[in-house]
>>> print(open('run-v5.txt').read())   # compact mmCIF, all heavy atoms
# COMPACT_ATOMS: atom_id res chain seq x y z
N MET A 1 109.26 204.57 90.41
CA MET A 1 108.92 203.17 90.68
C MET A 1 108.37 202.50 89.42
O MET A 1 107.85 203.16 88.55
CB MET A 1 107.90 203.07 91.82
CG MET A 1 108.55 203.25 93.20
SD MET A 1 107.37 203.10 94.54
CE MET A 1 106.49 204.64 94.40
N THR A 2 108.51 201.22 89.39
CA THR A 2 108.13 200.47 88.19
C THR A 2 106.65 200.10 88.19
O THR A 2 106.03 199.95 89.24
CB THR A 2 108.98 199.18 88.08
OG1 THR A 2 108.50 198.42 86.98
CG2 THR A 2 108.88 198.35 89.34
N TRP A 3 106.12 199.94 86.98
CA TRP A 3 104.74 199.49 86.82
C TRP A 3 104.63 197.97 86.86
O TRP A 3 103.55 197.42 86.74
CB TRP A 3 104.15 200.02 85.51
CG TRP A 3 103.62 201.42 85.66
CD1 TRP A 3 104.34 202.52 86.07
CD2 TRP A 3 102.28 201.88 85.42
NE1 TRP A 3 103.51 203.61 86.10
CE2 TRP A 3 102.25 203.25 85.69
CE3 TRP A 3 101.12 201.23 84.99
CZ2 TRP A 3 101.09 204.00 85.56
CZ3 TRP A 3 99.96 201.98 84.85
CH2 TRP A 3 99.95 203.35 85.14
N THR A 4 105.75 197.28 86.99
CA THR A 4 105.73 195.83 87.14
C THR A 4 105.95 195.52 88.60
O THR A 4 107.02 195.79 89.15
CB THR A 4 106.81 195.17 86.27
OG1 THR A 4 106.61 195.55 84.91
CG2 THR A 4 106.74 193.67 86.38
N GLN A 5 104.93 195.00 89.26
CA GLN A 5 104.97 194.80 90.70
C GLN A 5 104.77 193.32 91.05
O GLN A 5 103.94 192.64 90.43
CB GLN A 5 103.86 195.62 91.37
CG GLN A 5 104.02 197.12 91.21
CD GLN A 5 105.12 197.68 92.10
OE1 GLN A 5 105.40 197.14 93.17
NE2 GLN A 5 105.75 198.75 91.65
N PRO A 6 105.50 192.82 92.06
CA PRO A 6 105.33 191.43 92.47
C PRO A 6 104.01 191.22 93.23
O PRO A 6 103.51 192.13 93.90
CB PRO A 6 106.53 191.18 93.40
CG PRO A 6 106.97 192.52 93.85
CD PRO A 6 106.56 193.51 92.81
N LEU A 7 103.48 190.03 93.08
CA LEU A 7 102.22 189.68 93.74
C LEU A 7 102.34 188.26 94.28
O LEU A 7 102.90 187.39 93.62
CB LEU A 7 101.09 189.75 92.70
CG LEU A 7 99.66 189.83 93.23
CD1 LEU A 7 99.42 191.17 93.93
CD2 LEU A 7 98.65 189.65 92.11
N CYS A 8 101.82 188.01 95.49
CA CYS A 8 101.86 186.66 96.04
C CYS A 8 100.72 185.83 95.45
O CYS A 8 99.75 186.36 94.90
CB CYS A 8 101.81 186.69 97.56
SG CYS A 8 100.23 187.21 98.24
N GLN A 9 100.84 184.51 95.62
CA GLN A 9 99.83 183.61 95.06
C GLN A 9 98.44 183.84 95.65
O GLN A 9 97.46 183.90 94.90
CB GLN A 9 100.28 182.15 95.25
CG GLN A 9 99.35 181.13 94.63
CD GLN A 9 99.33 181.22 93.10
OE1 GLN A 9 100.34 181.02 92.46
NE2 GLN A 9 98.18 181.54 92.52
N PRO A 10 98.28 184.00 96.96
CA PRO A 10 96.93 184.25 97.50
C PRO A 10 96.29 185.52 96.94
O PRO A 10 95.10 185.53 96.64
CB PRO A 10 97.17 184.37 99.00
CG PRO A 10 98.41 183.58 99.25
CD PRO A 10 99.26 183.78 98.02
N CYS A 11 97.07 186.59 96.76
CA CYS A 11 96.51 187.81 96.20
C CYS A 11 96.15 187.63 94.73
O CYS A 11 95.16 188.17 94.25
CB CYS A 11 97.48 188.97 96.36
SG CYS A 11 97.62 189.55 98.07
N ARG A 12 96.96 186.87 94.04
CA ARG A 12 96.66 186.57 92.63
C ARG A 12 95.36 185.77 92.53
O ARG A 12 94.54 186.01 91.66
CB ARG A 12 97.82 185.80 92.00
CG ARG A 12 97.57 185.37 90.57
CD ARG A 12 97.37 186.55 89.65
NE ARG A 12 96.79 186.11 88.38
CZ ARG A 12 96.33 186.94 87.45
NH1 ARG A 12 96.37 188.23 87.64
NH2 ARG A 12 95.82 186.47 86.34
N THR A 13 95.17 184.82 93.41
CA THR A 13 93.97 183.99 93.40
C THR A 13 92.74 184.83 93.73
O THR A 13 91.67 184.63 93.18
CB THR A 13 94.11 182.85 94.43
OG1 THR A 13 95.25 182.08 94.08
CG2 THR A 13 92.88 181.96 94.44
N ARG A 14 92.93 185.83 94.59
CA ARG A 14 91.82 186.67 95.01
C ARG A 14 91.37 187.60 93.89
O ARG A 14 90.20 187.95 93.79
CB ARG A 14 92.27 187.50 96.23
CG ARG A 14 91.14 188.07 97.03
CD ARG A 14 91.58 188.34 98.48
NE ARG A 14 92.83 189.04 98.59
CZ ARG A 14 93.89 188.62 99.30
NH1 ARG A 14 93.82 187.49 99.96
NH2 ARG A 14 94.99 189.31 99.36
N ASP A 15 92.31 188.02 93.05
CA ASP A 15 91.97 188.95 91.98
C ASP A 15 92.67 188.51 90.71
O ASP A 15 93.86 188.73 90.55
CB ASP A 15 92.40 190.36 92.37
CG ASP A 15 92.01 191.38 91.32
OD1 ASP A 15 91.46 190.98 90.26
OD2 ASP A 15 92.24 192.58 91.55
N GLU A 16 91.94 187.88 89.82
CA GLU A 16 92.55 187.31 88.62
C GLU A 16 92.43 188.22 87.41
O GLU A 16 92.64 187.79 86.28
CB GLU A 16 91.94 185.93 88.32
CG GLU A 16 92.27 184.94 89.42
CD GLU A 16 91.89 183.52 89.04
OE1 GLU A 16 90.80 183.33 88.49
OE2 GLU A 16 92.69 182.62 89.31
N ARG A 17 92.08 189.48 87.62
CA ARG A 17 92.02 190.40 86.50
C ARG A 17 93.42 190.79 86.05
O ARG A 17 94.36 190.74 86.82
CB ARG A 17 91.25 191.67 86.89
CG ARG A 17 89.79 191.43 87.18
CD ARG A 17 89.16 192.67 87.77
NE ARG A 17 89.83 193.04 89.02
CZ ARG A 17 89.59 194.16 89.69
NH1 ARG A 17 88.73 195.02 89.23
NH2 ARG A 17 90.22 194.42 90.82
N GLY A 18 93.51 191.25 84.82
CA GLY A 18 94.74 191.87 84.35
C GLY A 18 95.78 190.88 83.85
O GLY A 18 95.64 189.68 83.99
N VAL A 19 96.80 191.44 83.28
CA VAL A 19 97.88 190.66 82.70
C VAL A 19 98.93 190.40 83.77
O VAL A 19 99.26 191.29 84.55
CB VAL A 19 98.51 191.42 81.51
CG1 VAL A 19 99.69 190.66 80.95
CG2 VAL A 19 97.46 191.69 80.45
N PHE A 20 99.44 189.18 83.80
CA PHE A 20 100.56 188.91 84.69
C PHE A 20 101.53 187.99 83.99
O PHE A 20 101.22 187.34 83.01
CB PHE A 20 100.08 188.30 86.00
CG PHE A 20 99.74 186.83 85.91
CD1 PHE A 20 100.62 185.88 86.39
CD2 PHE A 20 98.55 186.43 85.34
CE1 PHE A 20 100.30 184.53 86.30
CE2 PHE A 20 98.23 185.08 85.24
CZ PHE A 20 99.11 184.13 85.73
N ARG A 21 102.73 187.97 84.50
CA ARG A 21 103.68 186.97 84.03
C ARG A 21 104.34 186.32 85.21
O ARG A 21 104.36 186.86 86.32
CB ARG A 21 104.71 187.59 83.08
CG ARG A 21 105.59 188.65 83.69
CD ARG A 21 106.21 189.48 82.57
NE ARG A 21 107.21 190.40 83.10
CZ ARG A 21 108.53 190.19 83.02
NH1 ARG A 21 109.00 189.10 82.47
NH2 ARG A 21 109.38 191.06 83.50
N ARG A 22 104.87 185.13 84.97
CA ARG A 22 105.44 184.33 86.05
C ARG A 22 106.91 184.06 85.75
O ARG A 22 107.26 183.64 84.65
CB ARG A 22 104.68 183.00 86.15
CG ARG A 22 105.01 182.20 87.38
CD ARG A 22 104.26 180.87 87.35
NE ARG A 22 102.83 181.03 87.56
CZ ARG A 22 102.26 181.00 88.77
NH1 ARG A 22 102.99 180.84 89.84
NH2 ARG A 22 100.95 181.12 88.88
N ILE A 23 107.75 184.33 86.71
CA ILE A 23 109.19 184.10 86.57
C ILE A 23 109.56 182.91 87.43
O ILE A 23 109.39 182.95 88.66
CB ILE A 23 109.99 185.35 86.98
CG1 ILE A 23 109.64 186.52 86.05
CG2 ILE A 23 111.49 185.06 86.98
CD1 ILE A 23 110.28 187.83 86.45
N PRO A 24 110.04 181.81 86.81
CA PRO A 24 110.38 180.62 87.60
C PRO A 24 111.60 180.87 88.49
O PRO A 24 112.52 181.61 88.11
CB PRO A 24 110.66 179.55 86.55
CG PRO A 24 110.91 180.27 85.28
CD PRO A 24 110.25 181.63 85.37
N ASN A 25 111.60 180.26 89.66
CA ASN A 25 112.75 180.31 90.58
C ASN A 25 113.13 181.74 90.96
O ASN A 25 114.30 182.07 91.07
CB ASN A 25 113.96 179.59 89.98
CG ASN A 25 113.63 178.16 89.60
OD1 ASN A 25 112.98 177.45 90.35
ND2 ASN A 25 114.05 177.75 88.42
N ASP A 26 112.13 182.57 91.10
CA ASP A 26 112.39 183.94 91.50
C ASP A 26 112.82 183.98 92.97
O ASP A 26 112.46 183.11 93.76
CB ASP A 26 111.11 184.76 91.31
CG ASP A 26 111.39 186.26 91.35
OD1 ASP A 26 112.53 186.66 91.04
OD2 ASP A 26 110.45 187.01 91.64
N HIS A 27 113.57 184.99 93.32
CA HIS A 27 113.89 185.14 94.74
C HIS A 27 112.78 185.90 95.45
O HIS A 27 111.83 186.37 94.83
CB HIS A 27 115.27 185.78 94.94
CG HIS A 27 115.44 187.10 94.27
ND1 HIS A 27 115.11 188.29 94.87
CD2 HIS A 27 115.91 187.42 93.03
CE1 HIS A 27 115.38 189.27 94.04
NE2 HIS A 27 115.86 188.79 92.91
N SER A 28 112.88 185.98 96.76
CA SER A 28 111.79 186.50 97.56
C SER A 28 111.54 187.98 97.30
O SER A 28 112.46 188.79 97.23
CB SER A 28 112.13 186.28 99.04
OG SER A 28 111.03 186.66 99.84
N ARG A 29 110.25 188.31 97.17
CA ARG A 29 109.82 189.69 96.95
C ARG A 29 108.74 190.04 97.96
O ARG A 29 108.14 189.17 98.57
CB ARG A 29 109.22 189.83 95.54
CG ARG A 29 110.16 189.47 94.42
CD ARG A 29 111.19 190.54 94.22
NE ARG A 29 111.91 190.33 92.97
CZ ARG A 29 112.81 191.18 92.49
NH1 ARG A 29 113.10 192.28 93.15
NH2 ARG A 29 113.43 190.93 91.37
N ILE A 30 108.46 191.33 98.06
CA ILE A 30 107.36 191.76 98.90
C ILE A 30 106.13 191.96 98.02
O ILE A 30 106.16 192.72 97.04
CB ILE A 30 107.70 193.07 99.63
CG1 ILE A 30 108.92 192.87 100.55
CG2 ILE A 30 106.50 193.57 100.43
CD1 ILE A 30 108.72 191.82 101.63
N CYS A 31 105.05 191.29 98.36
CA CYS A 31 103.81 191.42 97.59
C CYS A 31 103.33 192.87 97.63
O CYS A 31 103.26 193.48 98.70
CB CYS A 31 102.75 190.49 98.18
SG CYS A 31 101.12 190.70 97.47
N CYS A 32 102.98 193.41 96.45
CA CYS A 32 102.58 194.81 96.38
C CYS A 32 101.21 195.05 97.00
O CYS A 32 100.86 196.18 97.32
CB CYS A 32 102.59 195.30 94.94
SG CYS A 32 101.28 194.61 93.90
N SER A 33 100.44 193.99 97.18
CA SER A 33 99.08 194.13 97.67
C SER A 33 98.95 193.94 99.18
O SER A 33 98.25 194.69 99.84
CB SER A 33 98.18 193.13 96.93
OG SER A 33 96.86 193.23 97.39
N CYS A 34 99.65 192.92 99.73
CA CYS A 34 99.47 192.61 101.15
C CYS A 34 100.74 192.82 101.97
O CYS A 34 100.69 192.79 103.19
CB CYS A 34 98.96 191.18 101.33
SG CYS A 34 100.16 189.91 100.91
N GLY A 35 101.90 193.01 101.34
CA GLY A 35 103.13 193.28 102.06
C GLY A 35 103.84 192.06 102.59
O GLY A 35 104.86 192.17 103.26
N GLU A 36 103.31 190.87 102.28
CA GLU A 36 103.96 189.64 102.73
C GLU A 36 105.07 189.24 101.76
O GLU A 36 104.98 189.50 100.56
CB GLU A 36 102.93 188.50 102.79
CG GLU A 36 101.83 188.70 103.81
CD GLU A 36 102.33 188.56 105.24
OE1 GLU A 36 103.22 187.73 105.50
OE2 GLU A 36 101.84 189.31 106.10
N ALA A 37 106.09 188.58 102.28
CA ALA A 37 107.15 188.05 101.42
C ALA A 37 106.60 186.91 100.57
O ALA A 37 105.81 186.09 101.03
CB ALA A 37 108.31 187.55 102.26
N THR A 38 107.00 186.88 99.30
CA THR A 38 106.57 185.82 98.40
C THR A 38 107.68 185.47 97.44
O THR A 38 108.46 186.33 97.04
CB THR A 38 105.31 186.23 97.61
OG1 THR A 38 104.97 185.18 96.70
CG2 THR A 38 105.54 187.51 96.82
N SER A 39 107.76 184.20 97.06
CA SER A 39 108.69 183.80 96.01
C SER A 39 107.92 183.13 94.88
O SER A 39 108.44 182.31 94.16
CB SER A 39 109.76 182.86 96.56
OG SER A 39 109.16 181.74 97.18
N ALA A 40 106.65 183.52 94.74
CA ALA A 40 105.80 182.93 93.70
C ALA A 40 106.25 183.33 92.30
O ALA A 40 105.95 182.64 91.33
CB ALA A 40 104.34 183.35 93.90
N GLY A 41 106.96 184.43 92.16
CA GLY A 41 107.44 184.85 90.85
C GLY A 41 106.35 185.42 89.96
O GLY A 41 106.48 185.43 88.75
N ILE A 42 105.27 185.90 90.57
CA ILE A 42 104.15 186.47 89.81
C ILE A 42 104.29 187.99 89.78
O ILE A 42 104.49 188.62 90.82
CB ILE A 42 102.80 186.08 90.45
CG1 ILE A 42 102.65 184.57 90.49
CG2 ILE A 42 101.65 186.74 89.70
CD1 ILE A 42 101.49 184.11 91.37
N TYR A 43 104.20 188.54 88.58
CA TYR A 43 104.30 190.00 88.42
C TYR A 43 103.11 190.51 87.65
O TYR A 43 102.69 189.90 86.66
CB TYR A 43 105.60 190.37 87.68
CG TYR A 43 106.81 190.12 88.53
CD1 TYR A 43 107.35 188.84 88.61
CD2 TYR A 43 107.39 191.14 89.27
CE1 TYR A 43 108.45 188.59 89.41
CE2 TYR A 43 108.48 190.89 90.07
CZ TYR A 43 109.01 189.62 90.13
OH TYR A 43 110.09 189.37 90.93
N ILE A 44 102.56 191.61 88.09
CA ILE A 44 101.45 192.24 87.39
C ILE A 44 101.86 193.64 86.94
O ILE A 44 102.77 194.25 87.51
CB ILE A 44 100.19 192.33 88.26
CG1 ILE A 44 100.47 193.09 89.56
CG2 ILE A 44 99.64 190.94 88.54
CD1 ILE A 44 99.21 193.47 90.32
N ARG A 45 101.16 194.14 85.93
CA ARG A 45 101.39 195.50 85.47
C ARG A 45 100.32 196.38 86.11
O ARG A 45 99.13 196.24 85.83
CB ARG A 45 101.31 195.56 83.95
CG ARG A 45 101.57 196.95 83.41
CD ARG A 45 101.78 196.95 81.90
NE ARG A 45 101.83 198.30 81.37
CZ ARG A 45 102.87 199.13 81.50
NH1 ARG A 45 103.96 198.72 82.13
NH2 ARG A 45 102.83 200.34 81.01
N ILE A 46 100.76 197.26 86.98
CA ILE A 46 99.82 198.08 87.73
C ILE A 46 100.49 199.40 88.13
O ILE A 46 101.72 199.46 88.29
CB ILE A 46 99.32 197.30 88.99
CG1 ILE A 46 98.12 197.97 89.62
CG2 ILE A 46 100.46 197.07 89.98
CD1 ILE A 46 97.42 197.11 90.68
N ASP A 47 99.70 200.43 88.25
CA ASP A 47 100.21 201.73 88.70
C ASP A 47 100.75 201.59 90.13
O ASP A 47 99.98 201.25 91.04
CB ASP A 47 99.06 202.74 88.66
CG ASP A 47 99.52 204.15 89.03
OD1 ASP A 47 100.66 204.32 89.52
OD2 ASP A 47 98.74 205.08 88.81
N PRO A 48 102.05 201.83 90.36
CA PRO A 48 102.60 201.67 91.71
C PRO A 48 101.94 202.58 92.74
O PRO A 48 101.95 202.28 93.94
CB PRO A 48 104.09 202.00 91.54
CG PRO A 48 104.18 202.75 90.26
CD PRO A 48 103.07 202.25 89.38
N ALA A 49 101.35 203.67 92.28
CA ALA A 49 100.67 204.57 93.22
C ALA A 49 99.35 203.99 93.71
O ALA A 49 98.77 204.50 94.67
CB ALA A 49 100.43 205.92 92.55
N SER A 50 98.87 202.92 93.05
CA SER A 50 97.57 202.37 93.39
C SER A 50 97.66 201.18 94.34
O SER A 50 96.65 200.60 94.70
CB SER A 50 96.81 201.97 92.13
OG SER A 50 97.37 200.79 91.57
N VAL A 51 98.87 200.75 94.70
CA VAL A 51 99.03 199.62 95.60
C VAL A 51 99.67 200.07 96.92
O VAL A 51 100.45 201.01 96.95
CB VAL A 51 99.86 198.48 94.95
CG1 VAL A 51 99.12 197.89 93.79
CG2 VAL A 51 101.24 198.96 94.55
N PRO A 52 99.35 199.36 98.02
CA PRO A 52 99.85 199.79 99.33
C PRO A 52 101.34 199.51 99.56
O PRO A 52 101.97 200.18 100.39
CB PRO A 52 98.99 199.01 100.32
CG PRO A 52 98.42 197.87 99.55
CD PRO A 52 98.33 198.31 98.13
N TYR A 53 101.92 198.52 98.85
CA TYR A 53 103.32 198.14 99.08
C TYR A 53 104.10 198.08 97.76
O TYR A 53 104.54 197.02 97.36
CB TYR A 53 103.41 196.79 99.80
CG TYR A 53 102.67 196.74 101.11
CD1 TYR A 53 101.36 196.26 101.17
CD2 TYR A 53 103.28 197.18 102.28
CE1 TYR A 53 100.67 196.23 102.38
CE2 TYR A 53 102.60 197.14 103.48
CZ TYR A 53 101.30 196.67 103.53
OH TYR A 53 100.62 196.63 104.72
N PRO A 54 104.23 199.20 97.09
CA PRO A 54 104.95 199.18 95.81
C PRO A 54 106.43 198.89 96.01
O PRO A 54 107.02 199.34 96.99
CB PRO A 54 104.73 200.60 95.25
CG PRO A 54 104.51 201.44 96.45
CD PRO A 54 103.79 200.57 97.44
N SER A 55 107.01 198.13 95.07
CA SER A 55 108.45 197.88 95.15
C SER A 55 109.18 198.81 94.21
O SER A 55 108.65 199.29 93.21
CB SER A 55 108.75 196.41 94.83
OG SER A 55 108.57 196.15 93.48
N GLU A 56 110.45 199.07 94.53
CA GLU A 56 111.21 200.11 93.85
C GLU A 56 111.68 199.70 92.46
O GLU A 56 111.78 200.53 91.57
CB GLU A 56 112.44 200.48 94.69
CG GLU A 56 112.09 201.10 96.04
CD GLU A 56 111.74 202.57 95.92
OE1 GLU A 56 112.15 203.18 94.93
OE2 GLU A 56 111.06 203.08 96.81
N ASP A 57 112.05 198.40 92.30
CA ASP A 57 112.69 198.04 91.03
C ASP A 57 111.92 197.01 90.24
O ASP A 57 111.02 196.39 90.71
CB ASP A 57 114.11 197.54 91.30
CG ASP A 57 114.15 196.39 92.29
OD1 ASP A 57 113.08 196.03 92.86
OD2 ASP A 57 115.23 195.85 92.49
ZN ZN A 101 99.81 189.40 98.65
>>> encode(input="run-v5.txt", output="structure tokens", more="lines below")
Ligand SMILES: [Zn+2]
Amino acid sequence: MTWTQPLCQPCRTRDERGVFRRIPNDHSRICCSCGEATSAGIYIRIDPASVPYPSED
């Protein structure tokens, strides 16, 4: 699994630590933190083993 994981806007607002990047017009992803669908295009670098909903790619 990849260390680049999608994050929804509410989860990003809740925890603003760390490096993230934003991809405009991204398609829908599952937030690695809460499991909700998001198209915010926010990605963080995090150990996939440390989040409850890691994505594969
Ligand atoms: Zn979330």
>>> residues_around(input="run-v5.txt", residues="region 29-45 of chain A", least_positions_apart="6", cutoff="4 Å", atoms="all atoms listed in the file", output="list in words")
Trp3, Thr4, Gln5, Pro6, Leu7, Cys8, Gln9, Cys11, Val19, Phe20, Arg21, Arg22, Ile23, Val51, Pro52, Tyr53 and Asp57 of chain A
>>> write_last_selection(input="run-v5.txt", atoms="all heavy atoms", output="tab-separated table (two decimals), keeping the file's coordinate frame")
chain	number	residue	atom	x	y	z
A	3	TRP	N	106.12	199.94	86.98
A	3	TRP	CA	104.74	199.49	86.82
A	3	TRP	C	104.63	197.97	86.86
A	3	TRP	O	103.55	197.42	86.74
A	3	TRP	CB	104.15	200.02	85.51
A	3	TRP	CG	103.62	201.42	85.66
A	3	TRP	CD1	104.34	202.52	86.07
A	3	TRP	CD2	102.28	201.88	85.42
A	3	TRP	NE1	103.51	203.61	86.10
A	3	TRP	CE2	102.25	203.25	85.69
A	3	TRP	CE3	101.12	201.23	84.99
A	3	TRP	CZ2	101.09	204.00	85.56
A	3	TRP	CZ3	99.96	201.98	84.85
A	3	TRP	CH2	99.95	203.35	85.14
A	4	THR	N	105.75	197.28	86.99
A	4	THR	CA	105.73	195.83	87.14
A	4	THR	C	105.95	195.52	88.60
A	4	THR	O	107.02	195.79	89.15
A	4	THR	CB	106.81	195.17	86.27
A	4	THR	OG1	106.61	195.55	84.91
A	4	THR	CG2	106.74	193.67	86.38
A	5	GLN	N	104.93	195.00	89.26
A	5	GLN	CA	104.97	194.80	90.70
A	5	GLN	C	104.77	193.32	91.05
A	5	GLN	O	103.94	192.64	90.43
A	5	GLN	CB	103.86	195.62	91.37
A	5	GLN	CG	104.02	197.12	91.21
A	5	GLN	CD	105.12	197.68	92.10
A	5	GLN	OE1	105.40	197.14	93.17
A	5	GLN	NE2	105.75	198.75	91.65
A	6	PRO	N	105.50	192.82	92.06
A	6	PRO	CA	105.33	191.43	92.47
A	6	PRO	C	104.01	191.22	93.23
A	6	PRO	O	103.51	192.13	93.90
A	6	PRO	CB	106.53	191.18	93.40
A	6	PRO	CG	106.97	192.52	93.85
A	6	PRO	CD	106.56	193.51	92.81
A	7	LEU	N	103.48	190.03	93.08
A	7	LEU	CA	102.22	189.68	93.74
A	7	LEU	C	102.34	188.26	94.28
A	7	LEU	O	102.90	187.39	93.62
A	7	LEU	CB	101.09	189.75	92.70
A	7	LEU	CG	99.66	189.83	93.23
A	7	LEU	CD1	99.42	191.17	93.93
A	7	LEU	CD2	98.65	189.65	92.11
A	8	CYS	N	101.82	188.01	95.49
A	8	CYS	CA	101.86	186.66	96.04
A	8	CYS	C	100.72	185.83	95.45
A	8	CYS	O	99.75	186.36	94.90
A	8	CYS	CB	101.81	186.69	97.56
A	8	CYS	SG	100.23	187.21	98.24
A	9	GLN	N	100.84	184.51	95.62
A	9	GLN	CA	99.83	183.61	95.06
A	9	GLN	C	98.44	183.84	95.65
A	9	GLN	O	97.46	183.90	94.90
A	9	GLN	CB	100.28	182.15	95.25
A	9	GLN	CG	99.35	181.13	94.63
A	9	GLN	CD	99.33	181.22	93.10
A	9	GLN	OE1	100.34	181.02	92.46
A	9	GLN	NE2	98.18	181.54	92.52
A	11	CYS	N	97.07	186.59	96.76
A	11	CYS	CA	96.51	187.81	96.20
A	11	CYS	C	96.15	187.63	94.73
A	11	CYS	O	95.16	188.17	94.25
A	11	CYS	CB	97.48	188.97	96.36
A	11	CYS	SG	97.62	189.55	98.07
A	19	VAL	N	96.80	191.44	83.28
A	19	VAL	CA	97.88	190.66	82.70
A	19	VAL	C	98.93	190.40	83.77
A	19	VAL	O	99.26	191.29	84.55
A	19	VAL	CB	98.51	191.42	81.51
A	19	VAL	CG1	99.69	190.66	80.95
A	19	VAL	CG2	97.46	191.69	80.45
A	20	PHE	N	99.44	189.18	83.80
A	20	PHE	CA	100.56	188.91	84.69
A	20	PHE	C	101.53	187.99	83.99
A	20	PHE	O	101.22	187.34	83.01
A	20	PHE	CB	100.08	188.30	86.00
A	20	PHE	CG	99.74	186.83	85.91
A	20	PHE	CD1	100.62	185.88	86.39
A	20	PHE	CD2	98.55	186.43	85.34
A	20	PHE	CE1	100.30	184.53	86.30
A	20	PHE	CE2	98.23	185.08	85.24
A	20	PHE	CZ	99.11	184.13	85.73
A	21	ARG	N	102.73	187.97	84.50
A	21	ARG	CA	103.68	186.97	84.03
A	21	ARG	C	104.34	186.32	85.21
A	21	ARG	O	104.36	186.86	86.32
A	21	ARG	CB	104.71	187.59	83.08
A	21	ARG	CG	105.59	188.65	83.69
A	21	ARG	CD	106.21	189.48	82.57
A	21	ARG	NE	107.21	190.40	83.10
A	21	ARG	CZ	108.53	190.19	83.02
A	21	ARG	NH1	109.00	189.10	82.47
A	21	ARG	NH2	109.38	191.06	83.50
A	22	ARG	N	104.87	185.13	84.97
A	22	ARG	CA	105.44	184.33	86.05
A	22	ARG	C	106.91	184.06	85.75
A	22	ARG	O	107.26	183.64	84.65
A	22	ARG	CB	104.68	183.00	86.15
A	22	ARG	CG	105.01	182.20	87.38
A	22	ARG	CD	104.26	180.87	87.35
A	22	ARG	NE	102.83	181.03	87.56
A	22	ARG	CZ	102.26	181.00	88.77
A	22	ARG	NH1	102.99	180.84	89.84
A	22	ARG	NH2	100.95	181.12	88.88
A	23	ILE	N	107.75	184.33	86.71
A	23	ILE	CA	109.19	184.10	86.57
A	23	ILE	C	109.56	182.91	87.43
A	23	ILE	O	109.39	182.95	88.66
A	23	ILE	CB	109.99	185.35	86.98
A	23	ILE	CG1	109.64	186.52	86.05
A	23	ILE	CG2	111.49	185.06	86.98
A	23	ILE	CD1	110.28	187.83	86.45
A	51	VAL	N	98.87	200.75	94.70
A	51	VAL	CA	99.03	199.62	95.60
A	51	VAL	C	99.67	200.07	96.92
A	51	VAL	O	100.45	201.01	96.95
A	51	VAL	CB	99.86	198.48	94.95
A	51	VAL	CG1	99.12	197.89	93.79
A	51	VAL	CG2	101.24	198.96	94.55
A	52	PRO	N	99.35	199.36	98.02
A	52	PRO	CA	99.85	199.79	99.33
A	52	PRO	C	101.34	199.51	99.56
A	52	PRO	O	101.97	200.18	100.39
A	52	PRO	CB	98.99	199.01	100.32
A	52	PRO	CG	98.42	197.87	99.55
A	52	PRO	CD	98.33	198.31	98.13
A	53	TYR	N	101.92	198.52	98.85
A	53	TYR	CA	103.32	198.14	99.08
A	53	TYR	C	104.10	198.08	97.76
A	53	TYR	O	104.54	197.02	97.36
A	53	TYR	CB	103.41	196.79	99.80
A	53	TYR	CG	102.67	196.74	101.11
A	53	TYR	CD1	101.36	196.26	101.17
A	53	TYR	CD2	103.28	197.18	102.28
A	53	TYR	CE1	100.67	196.23	102.38
A	53	TYR	CE2	102.60	197.14	103.48
A	53	TYR	CZ	101.30	196.67	103.53
A	53	TYR	OH	100.62	196.63	104.72
A	57	ASP	N	112.05	198.40	92.30
A	57	ASP	CA	112.69	198.04	91.03
A	57	ASP	C	111.92	197.01	90.24
A	57	ASP	O	111.02	196.39	90.71
A	57	ASP	CB	114.11	197.54	91.30
A	57	ASP	CG	114.15	196.39	92.29
A	57	ASP	OD1	113.08	196.03	92.86
A	57	ASP	OD2	115.23	195.85	92.49
>>> select_by_dssp(input="run-v5.txt", residues="chain A", states="strand (DSSP E)", output="VMD selection string")
chain A and resid 4 to 7 20 to 22 29 to 30 37 to 38 42 to 45
>>> residues_around(input="run-v5.txt", residues="region 47-50 of chain A", least_positions_apart="3", cutoff="7 Å", atoms="only C-alpha atoms", output="ChimeraX atom specification")
/A:1-3,54
>>> select_by_dssp(input="run-v5.txt", residues="chain A", states="alpha helix (DSSP H)", output="PyMOL selection string")
chain A and resi 9-14
>>> atom_distance(input="run-v5.txt", atom1="atom O of Asp26 (chain A)", atom2="CB of Glu56 (chain A)")
17.4 Å
